[in-house]
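Structure data follow from run_19.txt (compact mmCIF, C-alpha atoms and all ligand atoms):
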```txt
# COMPACT_ATOMS: atom_id res chain seq x y z
CA MET A 1 -9.44 30.05 -14.37
CA ALA A 2 -12.77 31.85 -15.03
CA ASP A 3 -11.93 35.58 -15.02
CA SER A 4 -15.29 36.52 -16.53
CA PRO A 5 -18.54 34.61 -16.99
CA ASN A 6 -18.74 36.01 -20.55
CA HIS A 7 -15.89 34.19 -22.31
CA PRO A 8 -16.59 30.81 -23.93
CA ILE A 9 -16.20 27.78 -21.68
CA ARG A 10 -12.54 26.81 -21.21
CA THR A 11 -12.58 24.47 -18.22
CA ILE A 12 -15.00 21.60 -17.75
CA ALA A 13 -15.18 19.39 -14.66
CA ILE A 14 -16.89 16.00 -14.91
CA ASP A 15 -17.44 14.12 -11.66
CA GLY A 16 -19.52 11.11 -10.71
CA PRO A 17 -19.39 7.57 -9.36
CA ALA A 18 -17.43 4.67 -10.86
CA GLY A 19 -18.84 3.30 -14.10
CA ALA A 20 -21.09 6.28 -14.92
CA GLY A 21 -19.28 6.74 -18.25
CA LYS A 22 -17.21 9.78 -17.28
CA SER A 23 -14.20 8.76 -19.34
CA THR A 24 -16.17 7.97 -22.52
CA ILE A 25 -18.13 11.21 -22.26
CA GLY A 26 -15.12 13.26 -21.16
CA LEU A 27 -12.97 12.00 -24.03
CA GLY A 28 -15.77 12.50 -26.57
CA LEU A 29 -16.44 16.01 -25.33
CA ALA A 30 -12.74 16.93 -25.32
CA LYS A 31 -12.37 15.67 -28.91
CA HIS A 32 -15.46 17.62 -29.98
CA LEU A 33 -14.15 20.84 -28.45
CA GLY A 34 -10.46 20.30 -29.30
CA PHE A 35 -9.64 20.36 -25.56
CA LEU A 36 -7.17 18.31 -23.54
CA TYR A 37 -8.78 15.31 -21.86
CA PHE A 38 -7.46 14.42 -18.43
CA ASP A 39 -8.73 11.47 -16.37
CA THR A 40 -7.53 12.04 -12.80
CA GLY A 41 -8.52 8.52 -11.69
CA VAL A 42 -5.45 7.15 -13.50
CA MET A 43 -3.21 8.99 -11.04
CA TYR A 44 -4.77 7.28 -7.99
CA ARG A 45 -4.64 3.99 -9.86
CA ALA A 46 -0.96 4.52 -10.72
CA VAL A 47 -0.08 5.09 -7.05
CA THR A 48 -2.07 1.99 -6.05
CA LEU A 49 -0.35 -0.20 -8.65
CA ALA A 50 3.08 1.13 -7.66
CA ALA A 51 2.34 0.23 -4.01
CA LEU A 52 1.27 -3.31 -4.96
CA GLN A 53 4.36 -3.73 -7.17
CA ARG A 54 6.60 -2.72 -4.25
CA SER A 55 4.72 -4.97 -1.77
CA ILE A 56 3.54 -1.94 0.18
CA ALA A 57 0.20 -2.73 1.85
CA PRO A 58 -2.46 -0.38 0.40
CA ASP A 59 -3.62 0.50 3.92
CA ASP A 60 -0.10 1.52 5.06
CA GLU A 61 -0.90 5.24 5.00
CA ASP A 62 2.62 6.53 5.67
CA ALA A 63 4.37 4.32 3.12
CA VAL A 64 1.71 4.87 0.43
CA SER A 65 1.74 8.64 1.03
CA GLN A 66 5.53 8.78 0.74
CA LEU A 67 5.33 6.81 -2.47
CA ALA A 68 2.67 9.19 -3.89
CA GLU A 69 4.84 12.19 -3.06
CA SER A 70 7.87 10.77 -4.88
CA LEU A 71 6.37 8.79 -7.78
CA ARG A 72 6.75 10.34 -11.25
CA ILE A 73 3.39 9.90 -13.00
CA GLU A 74 3.19 10.93 -16.66
CA VAL A 75 0.00 10.91 -18.72
CA SER A 76 0.52 11.52 -22.44
CA PRO A 77 -1.27 10.93 -25.76
CA PRO A 78 -1.32 7.20 -26.71
CA HIS A 79 2.08 6.05 -28.04
CA VAL A 80 0.71 2.64 -29.14
CA ASP A 81 -2.44 1.97 -31.15
CA ASP A 82 -3.99 -0.73 -28.93
CA GLY A 83 -7.29 0.92 -28.00
CA ARG A 84 -5.87 3.03 -25.17
CA GLN A 85 -7.10 6.61 -24.62
CA TYR A 86 -3.70 7.75 -23.31
CA THR A 87 -0.42 6.33 -22.10
CA VAL A 88 0.27 6.30 -18.36
CA ARG A 89 3.83 5.86 -17.08
CA THR A 90 5.13 5.62 -13.53
CA ASP A 91 8.86 6.29 -13.21
CA GLY A 92 9.10 5.60 -16.95
CA GLU A 93 7.25 2.23 -16.98
CA ASP A 94 4.16 1.90 -19.21
CA VAL A 95 1.36 0.95 -16.80
CA THR A 96 -1.62 1.96 -18.98
CA TRP A 97 -3.32 -1.45 -18.84
CA ALA A 98 -1.90 -2.68 -15.54
CA ILE A 99 -3.72 0.11 -13.63
CA ARG A 100 -7.03 -1.49 -14.72
CA ARG A 101 -6.28 -4.79 -12.95
CA ALA A 102 -8.83 -6.18 -10.46
CA ASP A 103 -6.35 -5.91 -7.55
CA VAL A 104 -5.94 -2.20 -8.33
CA ASP A 105 -9.74 -1.80 -8.52
CA ALA A 106 -10.03 -3.44 -5.10
CA ALA A 107 -7.41 -1.23 -3.38
CA VAL A 108 -7.69 2.15 -5.10
CA SER A 109 -10.48 3.54 -2.92
CA VAL A 110 -8.38 2.96 0.19
CA VAL A 111 -5.32 4.64 -1.35
CA SER A 112 -7.29 7.60 -2.73
CA ALA A 113 -8.76 8.36 0.71
CA PHE A 114 -5.35 9.27 2.20
CA PRO A 115 -5.09 13.08 2.58
CA ARG A 116 -1.37 13.24 1.66
CA VAL A 117 -1.97 11.17 -1.46
CA ARG A 118 -4.79 13.50 -2.47
CA ARG A 119 -2.70 16.60 -1.78
CA ALA A 120 0.11 15.35 -4.02
CA MET A 121 -2.27 14.43 -6.87
CA VAL A 122 -4.40 17.60 -6.65
CA ALA A 123 -1.30 19.82 -6.89
CA GLN A 124 -0.36 18.17 -10.21
CA GLN A 125 -3.96 18.29 -11.48
CA ARG A 126 -4.27 22.03 -10.74
CA ARG A 127 -1.11 22.71 -12.75
CA ILE A 128 -2.67 20.93 -15.74
CA ALA A 129 -6.02 22.73 -15.26
CA GLN A 130 -4.36 26.15 -15.23
CA ALA A 131 -3.53 25.94 -18.92
CA GLY A 132 -7.29 25.89 -19.70
CA ASN A 133 -9.06 24.23 -22.65
CA VAL A 134 -9.38 21.09 -20.58
CA VAL A 135 -12.00 18.49 -19.73
CA MET A 136 -10.98 17.01 -16.39
CA VAL A 137 -12.69 13.91 -15.06
CA GLY A 138 -12.76 12.51 -11.51
CA ARG A 139 -14.56 12.66 -8.16
CA ASP A 140 -13.56 16.04 -6.69
CA ILE A 141 -12.85 18.14 -9.77
CA GLY A 142 -15.79 20.53 -9.40
CA THR A 143 -15.52 20.68 -5.61
CA VAL A 144 -11.74 20.78 -4.98
CA VAL A 145 -9.45 20.67 -8.02
CA MET A 146 -11.24 23.28 -10.19
CA PRO A 147 -13.86 24.94 -7.95
CA ASP A 148 -13.95 27.80 -10.52
CA ALA A 149 -14.49 25.52 -13.54
CA ASP A 150 -16.59 27.21 -16.24
CA LEU A 151 -18.89 24.18 -16.44
CA LYS A 152 -19.41 21.37 -13.93
CA ILE A 153 -21.18 18.17 -14.81
CA TYR A 154 -22.07 15.40 -12.36
CA LEU A 155 -22.66 12.24 -14.36
CA ASP A 156 -24.78 9.71 -12.49
CA ALA A 157 -26.57 6.38 -13.10
CA THR A 158 -28.00 3.66 -10.87
CA VAL A 159 -25.44 1.27 -9.41
CA GLU A 160 -27.06 -1.63 -11.32
CA ALA A 161 -26.71 0.18 -14.66
CA ARG A 162 -23.09 1.08 -13.89
CA ALA A 163 -22.22 -2.47 -12.79
CA TRP A 164 -23.78 -3.87 -15.96
CA ARG A 165 -21.72 -1.55 -18.17
CA ARG A 166 -18.50 -2.40 -16.27
CA TYR A 167 -19.32 -6.13 -16.53
CA ARG A 168 -19.71 -5.80 -20.31
CA GLU A 169 -16.43 -3.84 -20.56
CA LEU A 170 -14.51 -6.53 -18.65
CA GLU A 171 -16.04 -9.20 -20.88
CA ALA A 172 -15.05 -7.29 -24.03
CA ARG A 173 -11.50 -6.92 -22.68
CA GLY A 174 -11.27 -10.69 -22.20
CA THR A 175 -11.11 -10.44 -18.39
CA PRO A 176 -14.65 -11.48 -17.42
CA SER A 177 -15.96 -11.46 -13.87
CA SER A 178 -19.47 -12.36 -12.67
CA TYR A 179 -22.11 -9.62 -12.70
CA ALA A 180 -22.76 -10.23 -8.99
CA ASP A 181 -19.05 -9.65 -8.18
CA VAL A 182 -18.89 -6.49 -10.29
CA LEU A 183 -22.06 -5.17 -8.61
CA ALA A 184 -20.73 -5.92 -5.12
CA SER A 185 -17.38 -4.22 -5.83
CA MET A 186 -19.15 -1.20 -7.39
CA LYS A 187 -21.36 -0.82 -4.30
CA GLN A 188 -18.32 -1.05 -2.05
CA ARG A 189 -16.47 1.63 -4.05
CA ASP A 190 -19.53 3.90 -3.91
CA VAL A 191 -19.55 3.65 -0.12
CA LEU A 192 -15.81 4.33 0.16
CA ASP A 193 -15.82 7.20 -2.40
CA THR A 194 -18.80 8.99 -0.84
CA SER A 195 -17.99 8.47 2.84
CA ARG A 196 -14.27 9.31 3.02
CA ALA A 197 -13.34 12.30 5.18
CA THR A 198 -11.18 14.08 2.56
CA SER A 199 -12.92 15.27 -0.63
CA PRO A 200 -15.79 12.77 -0.65
CA LEU A 201 -17.61 12.26 -3.93
CA ARG A 202 -20.53 14.69 -4.15
CA PRO A 203 -21.88 17.07 -6.79
CA ALA A 204 -20.69 20.68 -6.53
CA ASN A 205 -23.55 23.06 -5.69
CA ASP A 206 -23.37 24.57 -9.17
CA ALA A 207 -23.01 21.28 -11.08
CA PHE A 208 -25.46 20.14 -13.76
CA ILE A 209 -26.61 16.64 -12.78
CA VAL A 210 -26.88 14.34 -15.78
CA ASP A 211 -28.54 10.98 -15.05
CA CYS A 212 -27.56 8.64 -17.86
CA THR A 213 -29.21 5.46 -16.51
CA HIS A 214 -31.48 5.33 -19.56
CA MET A 215 -29.14 6.91 -22.13
CA ASP A 216 -26.41 5.19 -24.12
CA ALA A 217 -23.01 6.82 -24.57
CA GLU A 218 -23.96 8.51 -27.84
CA GLU A 219 -27.11 10.04 -26.35
CA THR A 220 -25.28 11.16 -23.23
CA LEU A 221 -22.52 12.80 -25.27
CA ALA A 222 -25.09 14.60 -27.43
CA HIS A 223 -26.85 15.80 -24.27
CA VAL A 224 -23.60 17.11 -22.77
CA ILE A 225 -22.52 18.81 -26.01
CA ALA A 226 -25.94 20.53 -26.14
CA LEU A 227 -25.39 21.68 -22.55
CA VAL A 228 -21.99 23.20 -23.45
CA GLU A 229 -23.49 24.91 -26.51
CA ALA A 230 -26.39 26.33 -24.49
CA GLN A 231 -23.98 27.67 -21.86
CA ASN A 232 -21.71 29.18 -24.52
CA ALA A 233 -24.72 30.84 -26.18
CA ALA A 234 -25.81 32.28 -22.81
CA ARG A 235 -22.28 33.58 -22.23
CA ALA A 236 -22.14 35.17 -25.71
CA GLY A 237 -25.53 36.81 -25.04
CA ALA A 238 -24.36 38.17 -21.70
CA GLN A 239 -21.19 39.51 -23.33
CA ALA A 240 -23.12 41.21 -26.12
CA ARG A 241 -25.51 42.81 -23.60
CA SER A 242 -22.66 44.09 -21.44
CA ALA A 243 -20.86 45.45 -24.55
CA VAL A 244 -24.02 47.34 -25.55
CA ALA A 245 -24.45 48.65 -22.00
CA THR A 246 -20.87 49.93 -21.75
CA GLY A 247 -20.37 50.81 -25.42
CA ALA A 248 -17.27 48.60 -25.37
CA PRO A 249 -16.35 46.51 -28.46
CA GLU A 250 -17.27 42.83 -28.17
CA ASP A 251 -14.47 40.47 -27.21
CA ASP A 252 -14.42 37.53 -29.60
CA ALA A 253 -11.95 35.46 -27.50
O1 LIG B 1 -12.49 6.87 -12.09
P1 LIG B 1 -11.68 5.64 -11.63
O2 LIG B 1 -12.53 4.44 -11.35
O3 LIG B 1 -10.53 5.34 -12.53
O4 LIG B 1 -11.05 6.10 -10.24
C1 LIG B 1 -10.28 5.24 -9.46
C2 LIG B 1 -10.41 5.59 -7.99
O5 LIG B 1 -9.77 6.82 -7.74
C3 LIG B 1 -11.84 5.70 -7.45
O6 LIG B 1 -12.08 4.73 -6.44
C4 LIG B 1 -11.94 7.05 -6.85
C5 LIG B 1 -10.57 7.65 -6.93
N1 LIG B 1 -10.57 8.98 -7.48
C6 LIG B 1 -10.62 10.02 -6.59
O7 LIG B 1 -10.71 9.79 -5.39
N2 LIG B 1 -10.54 11.30 -7.04
C7 LIG B 1 -10.47 11.57 -8.35
N3 LIG B 1 -10.39 12.84 -8.76
C8 LIG B 1 -10.44 10.51 -9.29
C9 LIG B 1 -10.52 9.22 -8.82
```

Could you write out this file's structure as C-alpha cells?
Ligand code: DC
Amino acid sequence: MADSPNHPIRTIAIDGPAGAGKSTIGLGLAKHLGFLYFDTGVMYRAVTLAALQRSIAPDDEDAVSQLAESLRIEVSPPHVDDGRQYTVRTDGEDVTWAIRRADVDAAVSVVSAFPRVRRAMVAQQRRIAQAGNVVMVGRDIGTVVMPDADLKIYLDATVEARAWRRYRELEARGTPSSYADVLASMKQRDVLDTSRATSPLRPANDAFIVDCTHMDAEETLAHVIALVEAQNAARAGAQARSAVATGAPEDDA
C-alpha cells in the first residue's frame, strides 16, 4: 500500500461503531475523490443472511465458518436504480436489501466475531484494498485489513445520536421500530463489537477521531474532505522539500 508518505492519499480506512454514518461519509468521500467505495459490513451481513436462509443457527461456529469459507459474495455497482449504494449477491442471488433485515441486525455481531469468518472476509478485503484508490469502511480496517492505509478515520458519535439516526432511517424505509428498541439493539451491538476477542472495534493508534454527534452528514463530509486535503497538502510539501534536498525532480503521481 503506502510505499512513501509523499504520494497523494490512495487508501482510506473508515472505522467506527454502528450508526455513526460511516457508509454515508465513505460513499460521499469516495465519489468526491473518484475512488472505489467498499463497505465491508455487507460481507458479514451476507454470511449472516445466508446462515439464516439455510436454517444454520448463527451461534453454530463450525457451520457458519464453513459457510463463510465457501459462500461467493459479490459486491458491484448498483444494477437497479432503487436507492441502493451497491448490489450485493451471494451465490448469484441479489440480497442487497435482505441483508438489512432486523433478524440479520440481531445476529450479525455473533457471526462476525468468529475468527474463521473474519479470516475469510479479511482475505477478500485485502485483495480489493491492494488495487488502491479505495475508501474502505468497517470496524477493523485501520487496525487489521489495511494497517498501512494512507489515512485512517474513526467516526464516532454518542449511542443516543446513532440510535436516533438509525430509527429515522428505518422509518424512512417503511420498516419502523421503536426508538427504545433501536437504542437497546445499538447498545448491545456496541458491547459485542468492542468486546470480541478477534479484531475488536477500536481506533487505530494513528487514526483521526471524528466525533459527529453534533454534525449532520453534510458537515461531517466537509470536515473529512478538508482532512484529506490537508493531509495531501502536507504530503505534497514533504515531497517538494525532499526533492529540493536531493535535487531530484518532483514526482507528480
Ligand atoms: O457496518 P454494519 O452495521 O453493516 O456491520 C455489520 C456488522 O458486521 C457489525 O455488527 C460489525 C461487523 N463488522 C465487522 O465486524 N467488521 C467489519 N470490518 C465490518 C463490520

- Task: Please write out the residues within 7 Å of ligand LIG 1 (chain B) as a ChimeraX atom specification, counting only C-alpha atoms and all ligand atoms.
- Result: /A:18-19,40-42,44-45,108-109,112-113,137-141,189,193

- Note on the structure: Computed gap from CA of Leu36 (chain A) to CA of Gly174 (chain A) is 29.3 Å

- CA of Val117 (chain A) sits from CA of Val64 (chain A) at a separation of 7.5 Å

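Put simply, CA of Asp81 (chain A) is 25.6 Å away from CA of Gln53 (chain A).
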
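Closest approach to Ala30 (chain A) among A:Met136, A:Ala233, A:Ile209, A:Ala217: A:Met136, based on all atoms listed in the file.
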